[in-house]
Each structure stands twice: as structure tokens, then as C-alpha cells.
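J.: First the structure, then my questions, so here it is.
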Amino acid sequence: MRPAREPPSFPGMPRTVLVTGISGNLGRALAKLLHTEAGVVGLDRRPFPGKPKDLEHHEVDIRKAKVEDAFRHRRIEALIHMGIVHDPRVPRSEAHSFNVLGTHKILDLCVRHGVRKVVVLSSANVYGPRPDNSNFLPEETPLMAAERFSEMRDLIELDMYAQSFMWRHPELETVILRPVNIVGPTVRNAPSNYLRLERPMTVLGFDPMVQLIHEDDVCRALVLALRPGLRGVFNVIGAGEVPLSAALRELGRRPLPVPHPLVRFLVRRAFEARLSSFPPEEVDHIQYLCVVDGSRFVREAGWTPAFSMRETLRSVL
Amino acid sequence: MPGVEGALMERLRAWTLELGGPGTRARIEKLTPPRNEYGVDPYGLDLDFVVAAIAPLLWLYRKYFRVELHGAEHVPPEGRCVVVANHSGQLPFDAAMIEVGLLIDKDPPRVARALVEKWVPTLPFVSTFMARCGQIVGTPENCRRLLAAGEAILVFPEGVRGLNKPFSKRYQLQKFGVGFMRLALESQAPIVPCAVVGAEEQAPALFDFKLLARLLGFPAFPITPTVLPFPLPARYHVRFGEPLRFTGSPDDDDAELERKVADVEAAVTTLVERGLAERKSVYL
């Protein structure tokens, strides 16, 4: 059972919020949290089974002209854009078109329809794990993840596009959130899946500090970002950082240390043979640091995570 | 922690306390770095690990290098400071001895954070060992953050130029970088000069196998009398000088900063010369 966590509340909560990618695991968690606070309009090409009754859902591809119906139907005051394809199995060109074109389209519509708040969900992985990273990366750090992991290009492009949008459209309050590794009972991303492995591979002799955030805390951060007056780029962290080995010990895993010249080869073979869902580049995350400084969001938005590190880790079980 | 590993750590901790002599436990207990429910600070420093891990280094400190520590009182008991030392000996035992000294022979003890080369995090085991001991990559961002948090950092402005210089250049300071001065001015941290005498003789480099170093991606591959840079039992003298305080803008041009750096170089040189003059025997 997950503990009950209250959504952040503040004066000036937008009355109607459009959420892209609402049918994903994180989207559904956000819908649950947000629909009691504001009117929620969902937008996803997938259906939304078990959606709350008061939630209006548009089952449409974000790139299609029909998307504008969502704006015509009700007065949208804020957008939370999290409809981004991360699946490494989806063909590159399709993912790229969906992510980049889709983002352009939806942000254009926000300008045309007088939306006053845009929250874009990026990721702290845009910085990329690197051996020469500072221990706590501030938001100004160059987004270098694609240097070693070209699949990250979409997300970086999206993040940078949202940044340029923020400067071009000062009449909208744009917030870009870069949360650390999201884990939780329903998410099925690489970090959560890794922590679910009974015998996870580790890189022999490497034990980087890792940051994790509970999926419900990410949703709370997304809601907090709707607060009037807040704009900018923010790293979002959970309850601190922990050595990878301690995280695995907490979950009772029996790690399988593999020497680093061998580990990428093995992970690549397993990925190509469809035995695992981890692209070989993910190995960087269990070898090098990608730890961010989350103090700006704390200072400017009053962010506090609701889940302790132990609760966050145990949430994948 | 699993049985064997836990027992080993316990043995190592006991060894550290024994080598440290009476009062070591009480002194170490004065250290209270922030730690989360997993026993580490945000950088990955694990004090329990440190106390265990320094046992072999403390053995080197007491029995092998027989370190004599002078002037540890010049390192402020708390608050930001930059310890600037000469660098030598092919492998950075000088850094380890300074840190062990400040941890074991200073009261109250201080954890000095040495700033490591950027290739260290690519090395298996070494990277983890360094992180658990609180040693982090020497990016300006890291230094700023540590100084702002009131920590002590240990800097070798000669870098590998000093560490891997041939024996013929022993105790000749290589050119100091100016980065540490910029950081010290920015955070208004005092600079504590420090000299290590003895490390030059631990591994006299006869020549540097540059081709092999390039192939392995190392900064240098010195060939020493022990072939590998395993240290000889040279006596160490570690000496701290009075803190130096500088004023000025961190954005002054390099010429201005270099004048200030020259003052630090001079202070370190004086300390080195004093150590050399007072040393009675190199190995015995």
C-alpha cells in the first residue's frame, strides 16, 4: 500500500489543466492527484482505462490537428506536457517525430489559446552520467547526455526547445522540470526495472551515488510547478542521494559485479537478443555520477519531497 | 552488511584505533559529518568506512613512513580553508599522509577533502574508495560548494607535473596553477601552506615510460627502482605554515593572480627547505 500524500496547495491553482501523456503510468498517477484540485483534460493516443469520471480525455495523437478540439472545448489555463516516448524499442524516427513535432505543436496551441502556464517534464538525465561530472550539477550544466547515449537527443532537443520557448514567450510562465531517476510502484522505466531485478549486474569496483524520486513526488512537483509566478528550469530531487550498493542492499538484491570492459558487451548482447530492456548506454548510470543540485526548486518553489529515501526505494517492490 | 565483510571492517577499525594510540576514538567521535540513513554524506563520505579504510594507510603513516607532523594547529579547527601542498612521489601517498595526519594527530581532527584528477572516477575500486573517503573530483564547481559549506580542501597546484617529475628535479616546485587562488579569493578562504618532505625519495623516477602511459591512458608511467611505483620506506616530514589571507578580485587577470600565487609558492618552498634542513636521515 502506498502512503497517502497530499498534493501541494496554493492560491491561484489553474481551473483547467491539460495533461499530455496522461495514459502512461506517471500520467495516471498525476491525474489521480490533480483531478481533485483542478479540472483535468487528458490528451493521449492511448485510451485511459479507469479514468476518474470528472476527467475529460481526448484519445488523439498529439501531432494531429484534432488536438485543437481540446482547447476549443474548454478554456485551458495550464499545460503539463509529459507525453514523451522514452521506450528504446520504439523506432527512432517515429519517437523523434512524436516527441519533437508533438512538442512544437502543443506549445504553439498554448500560445494561440492564451494558456498562461506551461510545465514541461524533462529529466535530470539530460546532463548524462560522466566521470568528470561535479558532484552536484546545477541547472546551467551543458546537456551532454547525447555524447555517449544518442537516444537522449530527443529529450535534450525537447528541453532546449522548451527553454527557447520560455524566452520567446514571456507572456506564458514556462517551467521545465528535470527530476532525477523516477521510481515507484507503477512506473516501468529503466531505473525502476533495474531495482526490481533479483540479481542486478553492477560494474565491478564502481559504486556511484544515485538520486531517486518517488513517482508520486514527481506528480506533486508537477502540481507545485503550476503555482502562479514560478518560471524557469529546475532540477527536482527526492530525499537525497545514496550509494548504489546501499540501494541494492536495502532491497535485498544480490548484485552480480562484472568487470567494466565486459559489462557493456553483455548488456548489448542481452538487449539485442531482447532478453533485457536495458540499452548498453544505461551502464553509465551505474558506473558514473549524474547527481544534481536541487536547491533552486526548494528555494523558489518551496519544494519538499514527501517520501523518504527508504520509502522511495521500497516503492519498487 | 554481510558477515565476512562486516567482520573485516570491524577488524580494520580496531586496527586504526590501536595504531592511532590512546584517545583516538574520542577524537574521531568529535567528527560529525552530515549522514543520511545509509551512513553517507551527500558526496558519499562514509565515516565508518574511513576509519576502517585508513588502517593500512595509518600503518604506513606510523610504521613505514614514520611521519612527523608539525604545525597542524595552523589548519583552522573549523571553517573553510585551502591547504596547498607540494606534490611528489609518483603515487599520491603524500595526500594520504596529510589527510591521515589531520584525522589522527590533530585535535579536534579534520577531514580534508583532496580534489582528485578527472580520470580517477574512471578507475574501478579507486573511484569508490576515494568517494567513500570523501575525496571528490576537482572541478571548480565542487571546490566552490565545499568551501561555501565551510569545509577544508587539499590542493596540489602542481598537479601531475609535480607528482610524476623525475628524481633529478626533486624538491623543485613545478609551476603552480592559479585556479586555487581564484577559488580562495572568491570564497575568502585562508590558504594554509604545507610541505611534504620524504615523498620524493619514496619512488625516485628514473624515467617516464611515456608511450605505455599513453596506451594505458595514465598521466605518466614512471619506472622506479621497485619497477612499479611501490614506495620505499622514506621518512616523511609534513609541515604546515601559518595561514595566508589574500584580498582582491577572483576576476583579476592572471598576472595579478600569479603574484599572489608566487607568495604561496614561496611559503611552501620555505617550509620544504626547513623540512630538508631538519631531516637527519632519508630512510633510516
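Naming works like this for the C-alpha cells: A, B, ... for the chains as they're shown, residue 1 at the start of each chain, ligands 1 onward in shown order.
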Show me, as a list in words, the residues of chain A whose atoms get within 8 Å of chain B, using only C-alpha atoms for the distance check.

T.: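 Contact residues on the first chain: Pro131, Asp132, Asn133, Ser134, Asn135, Phe136, Leu204, Gly205, Phe206, Asp207, Pro208, Met209, Gly240, Glu241, Val242, Pro243, Ala246 and Tyr288 of chain A.
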
J.: Save the residues we just selected, C-alpha atoms, as a tab-separated table (two decimals), in the first residue's frame?

T.:
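Output (selection_22.tsv):
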```tsv
chain	number	residue	atom	x	y	z
A	131	PRO	CA	33.33	10.56	-14.85
A	132	ASP	CA	34.27	14.25	-14.66
A	133	ASN	CA	30.88	15.49	-13.51
A	134	SER	CA	30.77	17.76	-10.49
A	135	ASN	CA	29.03	16.12	-7.57
A	136	PHE	CA	26.02	18.38	-7.78
A	204	LEU	CA	32.92	-4.19	-10.56
A	205	GLY	CA	34.66	-1.56	-8.45
A	206	PHE	CA	32.17	1.24	-9.16
A	207	ASP	CA	29.54	2.41	-6.72
A	208	PRO	CA	28.25	5.86	-7.70
A	209	MET	CA	25.89	7.93	-5.62
A	240	GLY	CA	18.91	12.94	-1.03
A	241	GLU	CA	21.42	10.58	-2.51
A	242	VAL	CA	22.58	7.07	-1.72
A	243	PRO	CA	25.39	4.79	-2.92
A	246	ALA	CA	23.27	0.65	-0.34
A	288	TYR	CA	29.47	7.29	-13.14
```

J.: Write out as JSON, numbers by chain the residues lying within 9 Å of Ala184 of chain B, counting only C-alpha atoms and excluding same-chain residues fewer than 4 positions away.

T.: {"B": [81, 82, 144, 147, 179, 180, 188, 189, 190, 191, 245, 246, 250]}

J.: Tell me, which residues of segment 4-212 of chain B carry DSSP alpha helix (DSSP H), written as JSON, numbers by chain?

T.: {"B": [4, 5, 6, 7, 8, 9, 10, 11, 12, 13, 14, 15, 16, 17, 18, 19, 20, 24, 25, 26, 27, 28, 47, 48, 49, 50, 51, 52, 53, 54, 55, 56, 57, 58, 59, 93, 94, 95, 96, 97, 98, 99, 100, 101, 102, 103, 104, 126, 127, 128, 129, 130, 131, 132, 140, 141, 142, 143, 144, 145, 146, 147, 148, 160, 161, 162, 163, 179, 180, 181, 182, 183, 184, 185, 186, 187, 199, 200, 201, 202, 210, 211, 212]}

J.: Could you name the residues that touch Leu232 of chain B at 8 Å or less, counting only C-alpha atoms, but leaving out those on the same chain fewer than 5 positions away, as a ChimeraX atom specification?

T.: /B:201-203

J.: Write the residues of the preceding selection, restricted to C-alpha atoms, as a JSON list (two decimals), in the first residue's frame.

T.:
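As written to disk, selection33.json reads:
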```json
[["chain", "number", "residue", "atom", "x", "y", "z"],
["B", 201, "GLU", "CA", 62.57, 9.57, -2.08],
["B", 202, "GLN", "CA", 59.75, 7.01, -1.79],
["B", 203, "ALA", "CA", 59.78, 6.33, -5.53]]
```

J.: Select, from B:Arg235, B:Arg62, B:Arg110, B:His87, the residue with the minimum atom-to-atom distance to Gly162 of chain B, counting only C-alpha atoms.

T.: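 Smallest separation from Gly162 of chain B among the options: B:His87.
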
J.: DSSP on the backbone: what in segment 51-100 of chain B comes out strand (DSSP E), as number ranges by chain?

T.: B: 68-70, 81-85

J.: Under the rule that only C-alpha atoms are counted, which of A:Arg5, A:His86, A:Arg153, A:Arg188 is the nearest residue to Asn25 of chain A?

T.: A:Arg188

J.: Out of A:Gly184, A:Pro257, A:Pro138, A:Gly114, which residue has the shortest atom-to-atom distance to Glu77 of chain A when counting only C-alpha atoms?

T.: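 Using only C-alpha atoms, the shortest distance to Glu77 of chain A belongs to A:Gly114.
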
J.: Hey, what's within 10 Å of segment 170-176 of chain A if we count only C-alpha atoms and toss same-chain stuff fewer than 3 positions away? As a PyMOL selection string, please?

T.: chain A and resi 78-81+110-111+114-123+159-160+162-163+165-167+179+222+225-235

J.: Restricting it to N, CA and C atoms, dump the selection as a compact mmCIF listing (two decimals), in the first residue's frame.

T.:
```txt
# COMPACT_ATOMS: atom_id res chain seq x y z
N ALA A 78 -3.65 25.87 -18.10
CA ALA A 78 -2.28 25.41 -17.93
C ALA A 78 -2.08 24.09 -18.67
N LEU A 79 -0.83 23.87 -19.07
CA LEU A 79 -0.48 22.60 -19.74
C LEU A 79 0.60 21.91 -18.92
N ILE A 80 0.42 20.61 -18.71
CA ILE A 80 1.53 19.79 -18.20
C ILE A 80 1.89 18.83 -19.32
N HIS A 81 3.09 19.02 -19.88
CA HIS A 81 3.48 18.24 -21.05
C HIS A 81 4.42 17.12 -20.62
N CYS A 110 -0.78 26.39 -27.22
CA CYS A 110 -0.86 27.09 -25.93
C CYS A 110 -0.79 28.60 -26.15
N VAL A 111 0.11 29.04 -27.05
CA VAL A 111 0.24 30.47 -27.34
C VAL A 111 -1.05 30.99 -27.97
N GLY A 114 -4.06 31.31 -25.48
CA GLY A 114 -3.91 32.11 -24.26
C GLY A 114 -3.71 31.32 -22.99
N VAL A 115 -3.07 30.15 -23.10
CA VAL A 115 -2.72 29.39 -21.89
C VAL A 115 -1.67 30.19 -21.14
N ARG A 116 -1.77 30.25 -19.79
CA ARG A 116 -0.80 31.12 -19.11
C ARG A 116 0.32 30.36 -18.42
N LYS A 117 0.21 29.04 -18.37
CA LYS A 117 1.25 28.28 -17.68
C LYS A 117 1.59 27.02 -18.46
N VAL A 118 2.87 26.76 -18.68
CA VAL A 118 3.29 25.53 -19.35
C VAL A 118 4.34 24.84 -18.49
N VAL A 119 4.09 23.59 -18.15
CA VAL A 119 5.08 22.82 -17.39
C VAL A 119 5.55 21.67 -18.25
N VAL A 120 6.84 21.61 -18.53
CA VAL A 120 7.39 20.55 -19.38
C VAL A 120 8.20 19.61 -18.51
N LEU A 121 7.91 18.31 -18.64
CA LEU A 121 8.65 17.32 -17.86
C LEU A 121 9.86 16.86 -18.67
N SER A 122 11.04 17.30 -18.25
CA SER A 122 12.29 16.83 -18.84
C SER A 122 12.86 15.81 -17.86
N SER A 123 14.17 15.71 -17.76
CA SER A 123 14.76 14.73 -16.85
C SER A 123 16.17 15.17 -16.50
N ASP A 159 13.97 19.64 -24.29
CA ASP A 159 14.31 20.52 -23.17
C ASP A 159 14.77 21.88 -23.69
N MET A 160 15.66 21.84 -24.72
CA MET A 160 16.20 23.10 -25.24
C MET A 160 15.10 23.89 -25.96
N ALA A 162 11.96 23.85 -25.22
CA ALA A 162 11.14 24.45 -24.16
C ALA A 162 11.83 25.68 -23.57
N GLN A 163 13.17 25.60 -23.46
CA GLN A 163 13.91 26.78 -22.95
C GLN A 163 13.77 27.97 -23.90
N PHE A 165 11.44 28.47 -25.99
CA PHE A 165 10.04 28.87 -25.91
C PHE A 165 9.82 29.78 -24.70
N MET A 166 10.48 29.43 -23.60
CA MET A 166 10.35 30.23 -22.37
C MET A 166 10.81 31.67 -22.61
N TRP A 167 11.91 31.84 -23.39
CA TRP A 167 12.41 33.19 -23.64
C TRP A 167 11.60 33.92 -24.70
N PRO A 179 13.46 16.10 -13.15
CA PRO A 179 13.54 15.23 -11.99
C PRO A 179 14.63 14.17 -12.15
N LEU A 222 5.07 18.39 -10.17
CA LEU A 222 4.40 18.92 -11.36
C LEU A 222 3.25 19.84 -10.96
N ALA A 225 4.60 23.09 -9.65
CA ALA A 225 5.10 23.95 -10.73
C ALA A 225 3.99 24.81 -11.34
N LEU A 226 2.72 24.45 -11.08
CA LEU A 226 1.60 25.26 -11.60
C LEU A 226 1.43 26.55 -10.82
N ARG A 227 2.14 26.68 -9.72
CA ARG A 227 1.96 27.86 -8.87
C ARG A 227 2.21 29.14 -9.64
N PRO A 228 1.30 30.12 -9.53
CA PRO A 228 1.48 31.36 -10.29
C PRO A 228 2.78 32.06 -9.90
N GLY A 229 3.46 32.61 -10.89
CA GLY A 229 4.68 33.37 -10.63
C GLY A 229 5.95 32.56 -10.82
N LEU A 230 5.83 31.24 -10.82
CA LEU A 230 7.02 30.40 -10.93
C LEU A 230 7.35 30.17 -12.41
N ARG A 231 8.59 30.45 -12.79
CA ARG A 231 9.04 30.10 -14.14
C ARG A 231 10.53 29.80 -14.11
N GLY A 232 11.01 29.01 -15.07
CA GLY A 232 12.43 28.68 -15.12
C GLY A 232 12.68 27.19 -15.22
N VAL A 233 13.97 26.85 -15.16
CA VAL A 233 14.39 25.46 -15.26
C VAL A 233 14.77 24.98 -13.87
N PHE A 234 14.28 23.83 -13.48
CA PHE A 234 14.53 23.34 -12.12
C PHE A 234 14.88 21.85 -12.11
N ASN A 235 15.97 21.52 -11.42
CA ASN A 235 16.21 20.13 -11.07
C ASN A 235 15.27 19.78 -9.93
```

J.: Restricting the calculation to only C-alpha atoms, which member of A:Leu34, A:Val19, A:Val218, A:Val258 is positioned closest to Val187 of chain A?

T.: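 Checking each candidate against Val187 of chain A, we get A:Val218 as the closest.
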
J.: Counting only C-alpha atoms, what is within 9 Å of Gly275 of chain B, bar same-chain residues fewer than 2 positions away, as a ChimeraX atom specification?

T.: /B:195-197,237-239,270-273,277-279

J.: Excluding segment 50-55 of chain A and any residue of its chain fewer than 2 positions from it, enumerate the residues within 8 Å of it, using only C-alpha atoms, and give them as a short mmCIF file (atom, residue, chain, number, x, y, z; two decimals) with N, CA and C atoms, in the first residue's frame.

T.:
```
data_model
loop_
_atom_site.label_atom_id
_atom_site.label_comp_id
_atom_site.auth_asym_id
_atom_site.auth_seq_id
_atom_site.Cartn_x
_atom_site.Cartn_y
_atom_site.Cartn_z
N ARG A 28 -1.20 8.72 -15.20
CA ARG A 28 -2.37 8.30 -14.43
C ARG A 28 -2.21 8.67 -12.95
N LYS A 32 -4.73 11.24 -10.86
CA LYS A 32 -5.34 10.93 -9.57
C LYS A 32 -5.12 12.05 -8.56
N HIS A 35 -6.91 15.73 -10.16
CA HIS A 35 -8.30 15.97 -10.55
C HIS A 35 -9.17 16.45 -9.39
N GLY A 39 -9.71 21.07 -12.77
CA GLY A 39 -10.29 20.33 -13.88
C GLY A 39 -9.16 19.77 -14.72
N VAL A 40 -9.22 18.48 -15.04
CA VAL A 40 -8.13 17.87 -15.80
C VAL A 40 -8.66 17.41 -17.15
N VAL A 41 -7.92 17.80 -18.20
CA VAL A 41 -8.23 17.33 -19.54
C VAL A 41 -7.05 16.49 -19.99
N GLY A 42 -7.33 15.23 -20.33
CA GLY A 42 -6.25 14.34 -20.73
C GLY A 42 -6.08 14.31 -22.23
N PHE A 48 -7.57 5.66 -21.77
CA PHE A 48 -7.29 5.85 -20.34
C PHE A 48 -8.28 4.99 -19.56
N HIS A 57 -11.17 13.11 -21.45
CA HIS A 57 -10.00 12.52 -22.11
C HIS A 57 -10.14 12.58 -23.63
#
```

J.: Near segment 205-209 of chain B, within 8 Å and counting only C-alpha atoms, which residues show up once chain neighbours fewer than 5 positions away are dropped, as a PyMOL selection string?

T.: chain B and resi 90+164-167+220-225
